[in-house]
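The data block below is start_22.cif; it holds mmCIF, C-alpha atoms.
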data_input
#
loop_
_atom_site.group_PDB
_atom_site.id
_atom_site.type_symbol
_atom_site.label_atom_id
_atom_site.label_comp_id
_atom_site.auth_asym_id
_atom_site.auth_seq_id
_atom_site.Cartn_x
_atom_site.Cartn_y
_atom_site.Cartn_z
ATOM 1 C CA HIS A 8 -25.442 -13.118 -12.554
ATOM 2 C CA ALA A 9 -22.384 -14.696 -14.206
ATOM 3 C CA ALA A 10 -21.171 -11.527 -15.966
ATOM 4 C CA LYS A 11 -21.188 -9.538 -12.734
ATOM 5 C CA ALA A 12 -19.355 -12.342 -10.909
ATOM 6 C CA ALA A 13 -16.694 -12.420 -13.638
ATOM 7 C CA ASP A 14 -16.304 -8.654 -13.468
ATOM 8 C CA ILE A 15 -15.970 -8.762 -9.673
ATOM 9 C CA ARG A 16 -13.138 -11.276 -10.041
ATOM 10 C CA ARG A 17 -11.536 -9.007 -12.646
ATOM 11 C CA LEU A 18 -11.781 -6.074 -10.223
ATOM 12 C CA LEU A 19 -10.287 -8.160 -7.423
ATOM 13 C CA ASP A 20 -7.416 -9.093 -9.731
ATOM 14 C CA LEU A 21 -6.821 -5.400 -10.442
ATOM 15 C CA THR A 22 -6.949 -4.341 -6.798
ATOM 16 C CA GLY A 23 -4.961 -7.240 -5.392
ATOM 17 C CA GLY A 24 -7.945 -8.608 -3.481
ATOM 18 C CA ALA A 25 -7.653 -11.859 -5.414
ATOM 19 C CA ARG A 26 -4.247 -12.480 -3.815
ATOM 20 C CA LEU A 27 -5.368 -11.713 -0.265
ATOM 21 C CA GLY A 28 -5.728 -15.359 0.781
ATOM 22 C CA ASP A 29 -2.241 -16.221 -0.438
ATOM 23 C CA GLN A 30 -0.796 -13.124 1.235
ATOM 24 C CA LEU A 31 -2.449 -13.959 4.553
ATOM 25 C CA LEU A 32 -1.226 -17.547 4.395
ATOM 26 C CA ASP A 33 2.292 -16.430 3.471
ATOM 27 C CA ARG A 34 2.351 -14.121 6.481
ATOM 28 C CA LEU A 35 0.872 -16.760 8.809
ATOM 29 C CA PHE A 36 3.408 -19.378 7.736
ATOM 30 C CA ALA A 37 6.313 -16.906 7.957
ATOM 31 C CA ILE A 38 5.337 -16.021 11.537
ATOM 32 C CA GLN A 39 4.907 -19.672 12.485
ATOM 33 C CA GLY A 40 8.181 -20.572 10.783
ATOM 34 C CA GLN A 41 10.014 -17.979 12.871
ATOM 35 C CA ALA A 42 8.281 -19.149 16.044
ATOM 36 C CA MET A 43 9.067 -22.796 15.312
ATOM 37 C CA PRO A 44 12.428 -22.836 13.497
ATOM 38 C CA ASP A 45 12.920 -26.571 14.113
ATOM 39 C CA VAL A 46 10.042 -27.460 11.776
ATOM 40 C CA PRO A 47 11.492 -28.334 8.337
ATOM 41 C CA ALA A 48 10.405 -26.376 5.268
ATOM 42 C CA GLU A 49 8.821 -29.449 3.683
ATOM 43 C CA VAL A 50 6.417 -29.736 6.626
ATOM 44 C CA TRP A 51 5.387 -26.089 6.206
ATOM 45 C CA ASN A 52 4.990 -26.592 2.449
ATOM 46 C CA GLU A 53 2.803 -29.658 2.973
ATOM 47 C CA ALA A 54 0.663 -27.828 5.531
ATOM 48 C CA ARG A 55 0.363 -24.809 3.218
ATOM 49 C CA GLU A 56 -1.063 -26.982 0.447
ATOM 50 C CA ALA A 57 -3.974 -27.960 2.722
ATOM 51 C CA PHE A 58 -5.351 -24.405 2.588
ATOM 52 C CA GLU A 59 -7.546 -23.185 -0.227
ATOM 53 C CA PRO A 60 -7.260 -19.414 -0.718
ATOM 54 C CA HIS A 61 -9.995 -19.475 -3.363
ATOM 55 C CA GLU A 62 -12.506 -19.988 -0.530
ATOM 56 C CA LEU A 63 -11.580 -16.553 0.828
ATOM 57 C CA LEU A 64 -11.772 -15.104 -2.691
ATOM 58 C CA GLU A 65 -15.330 -16.421 -3.028
ATOM 59 C CA SER A 66 -16.286 -14.805 0.288
ATOM 60 C CA ILE A 67 -14.733 -11.488 -0.703
ATOM 61 C CA ALA A 68 -16.434 -11.584 -4.113
ATOM 62 C CA SER A 69 -19.760 -12.191 -2.378
ATOM 63 C CA ILE A 70 -19.198 -9.124 -0.184
ATOM 64 C CA TRP A 71 -18.464 -6.938 -3.230
ATOM 65 C CA ASN A 72 -21.569 -8.372 -4.918
ATOM 66 C CA ARG A 73 -23.751 -7.288 -1.987
ATOM 67 C CA HIS A 74 -22.379 -3.761 -1.829
ATOM 68 C CA PHE A 75 -22.020 -2.792 -5.497
ATOM 69 C CA THR A 76 -24.207 -2.952 -8.561
ATOM 70 C CA HIS A 77 -22.786 -4.397 -11.750
ATOM 71 C CA GLU A 78 -22.593 -0.881 -13.192
ATOM 72 C CA GLU A 79 -20.569 0.278 -10.183
ATOM 73 C CA ILE A 80 -18.201 -2.695 -10.552
ATOM 74 C CA LEU A 81 -17.656 -1.735 -14.196
ATOM 75 C CA GLY A 82 -16.977 1.861 -13.122
ATOM 76 C CA LEU A 83 -14.410 0.681 -10.586
ATOM 77 C CA ILE A 84 -12.718 -1.475 -13.214
ATOM 78 C CA ALA A 85 -12.557 1.554 -15.531
ATOM 79 C CA PHE A 86 -11.008 3.604 -12.727
ATOM 80 C CA TYR A 87 -8.402 0.983 -11.787
ATOM 81 C CA GLU A 88 -7.444 0.603 -15.455
ATOM 82 C CA SER A 89 -7.134 4.392 -15.905
ATOM 83 C CA PRO A 90 -3.768 6.170 -15.519
ATOM 84 C CA LEU A 91 -4.755 7.428 -12.050
ATOM 85 C CA GLY A 92 -6.006 4.006 -10.982
ATOM 86 C CA THR A 93 -2.842 2.384 -12.294
ATOM 87 C CA HIS A 94 -0.754 4.876 -10.312
ATOM 88 C CA LEU A 95 -2.824 4.122 -7.197
ATOM 89 C CA ARG A 96 -2.254 0.383 -7.623
ATOM 90 C CA GLU A 97 1.492 0.934 -8.010
ATOM 91 C CA ILE A 98 1.895 3.258 -5.012
ATOM 92 C CA GLN A 99 -0.689 1.744 -2.653
ATOM 93 C CA PRO A 100 1.654 -0.841 -1.048
ATOM 94 C CA GLN A 101 4.095 1.951 -0.156
ATOM 95 C CA ILE A 102 1.271 4.108 1.201
ATOM 96 C CA MET A 103 0.023 1.187 3.314
ATOM 97 C CA GLN A 104 3.511 0.504 4.687
ATOM 98 C CA GLU A 105 4.103 4.155 5.547
ATOM 99 C CA SER A 106 0.631 4.397 7.093
ATOM 100 C CA MET A 107 1.288 1.357 9.304
ATOM 101 C CA VAL A 108 4.528 2.930 10.530
ATOM 102 C CA ALA A 109 2.716 6.216 11.206
ATOM 103 C CA GLY A 110 -0.028 4.322 13.075
ATOM 104 C CA GLU A 111 2.491 2.484 15.230
ATOM 105 C CA GLU A 112 4.272 5.735 16.090
ATOM 106 C CA TRP A 113 0.962 7.428 16.890
ATOM 107 C CA GLY A 114 -0.038 4.471 19.063
ATOM 108 C CA ARG A 115 3.214 4.668 21.039
ATOM 109 C CA ARG A 116 2.705 8.406 21.647
ATOM 110 C CA ALA A 117 -0.928 7.821 22.665
ATOM 111 C CA LEU A 118 0.105 5.074 25.087
ATOM 112 C CA ALA A 119 2.792 7.291 26.641
ATOM 113 C CA LYS A 120 0.253 10.107 27.017
ATOM 114 C CA LEU A 121 -2.220 7.733 28.672
ATOM 115 C CA GLN A 122 0.437 6.458 31.059
ATOM 116 C CA ASP A 123 1.396 10.038 31.982
ATOM 117 C CA LYS A 124 -2.246 10.927 32.698
ATOM 118 C CA LEU A 125 -2.660 7.842 34.883
ATOM 119 C CA ARG A 126 0.568 8.607 36.786
ATOM 120 C CA GLN A 127 -0.567 12.201 37.324
ATOM 121 C CA ARG A 128 -3.680 10.851 39.024
ATOM 122 C CA GLY A 129 -1.636 8.530 41.212
ATOM 123 C CA TYR A 130 -2.187 5.269 39.410
ATOM 124 C CA ALA A 131 0.756 2.981 38.820
ATOM 125 C CA THR A 132 0.814 2.016 35.172
ATOM 126 C CA HIS A 133 1.442 -1.516 34.094
ATOM 127 C CA VAL A 134 0.572 -0.930 30.448
ATOM 128 C CA ARG A 135 3.270 -2.285 28.157
ATOM 129 C CA SER A 136 4.431 -0.279 25.190
#
Please lay out the structure from this file as structure tokens.
Amino acid sequence: HAAKAADIRRLLDLTGGARLGDQLLDRLFAIQGQAMPDVPAEVWNEAREAFEPHELLESIASIWNRHFTHEEILGLIAFYESPLGTHLREIQPQIMQESMVAGEEWGRRALAKLQDKLRQRGYATHVRS
């Protein structure tokens, strides 16, 4: 259904899902660039061009197609174009960043608690934090 496929792509543009492939590649290449600082930028740029983020977009669109009717996709578009949806799109990156920090802090506390429990039972802990 071509109209539904077009609307899914519109929704993915609104939600940022359409840029996911580029974002993942940017992060991958940034990490690799830090790990291998001797590799010149032009080599990274050439390697980056070999990837096709639209392949990921097609996979993501297919997933949305399986889980939502066309009517639901239109409803989601209406929401994301509404004032509340627009506010969500604007604030969501900050919420995600703050949530990742909170998750890391929670994970450190959980690991420390686990290590304490193991020590209390006489086990030496070799878990790295």
Shell of 12 Å around segment 97-99 of chain A, only C-alpha atoms, local chain residues under 5 positions omitted, as JSON, numbers by chain: {"A": [21, 22, 23, 87, 88, 90, 91, 92, 104, 105, 106]}
How would the residues just chosen look if you wrote them out with C-alpha atoms as a CSV table (one decimal), in the coordinates of the input?
chain,number,residue,atom,x,y,z
A,21,LEU,CA,-6.8,-5.4,-10.4
A,22,THR,CA,-6.9,-4.3,-6.8
A,23,GLY,CA,-5.0,-7.2,-5.4
A,87,TYR,CA,-8.4,1.0,-11.8
A,88,GLU,CA,-7.4,0.6,-15.5
A,90,PRO,CA,-3.8,6.2,-15.5
A,91,LEU,CA,-4.8,7.4,-12.0
A,92,GLY,CA,-6.0,4.0,-11.0
A,104,GLN,CA,3.5,0.5,4.7
A,105,GLU,CA,4.1,4.2,5.5
A,106,SER,CA,0.6,4.4,7.1
For segment 13-32 of chain A, what centre and edge lengths in Å (one decimal) does the axis-aligned box get once 3 Å is added on each side of all its listed atoms, as lines of an AutoDock Vina configuration file?
center_x = -8.7
center_y = -10.9
center_z = -4.5
size_x = 21.9
size_y = 19.2
size_z = 24.2
Closest of A:Met107, A:Ala119, A:Leu125, A:Leu27 to Leu64 of chain A - atom-to-atom distances counting all atoms listed in the file: A:Leu27
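Note that atom CA of Arg16 of chain A and atom CA of Glu53 of chain A are 27.6 Å apart.
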Selection: 12 Å around Arg17 of chain A, all atoms listed in the file, excl. self and same-chain fewer than 3 positions, as a list in words: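 Final neighbour list, sorted by chain and number: Ala10, Lys11, Ala12, Ala13, Asp14, Asp20, Leu21, Thr22, Gly23, Gly24, Ala25, Arg26, Leu64, Ala68, Trp71, Ile80, Leu81, Leu83, Ile84, Ala85, Tyr87 and Glu88 of chain A.
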Residue with smallest distance to His77 of chain A - pool A:Ala9, A:Glu62, A:Asn52, A:Pro47, counting all atoms listed in the file: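 Distance minimum relative to His77 of chain A lands on A:Ala9.
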Test item: the PyMOL selection byres ((chain A and resi 51) around 12) resolved as an MDAnalysis selection string: chainID A and resid 32:33 35:41 43:50 52:58
Gap from atom CA of Ser89 of chain A to atom CA of Ala109 of chain A - Å, one decimal: 28.9 Å
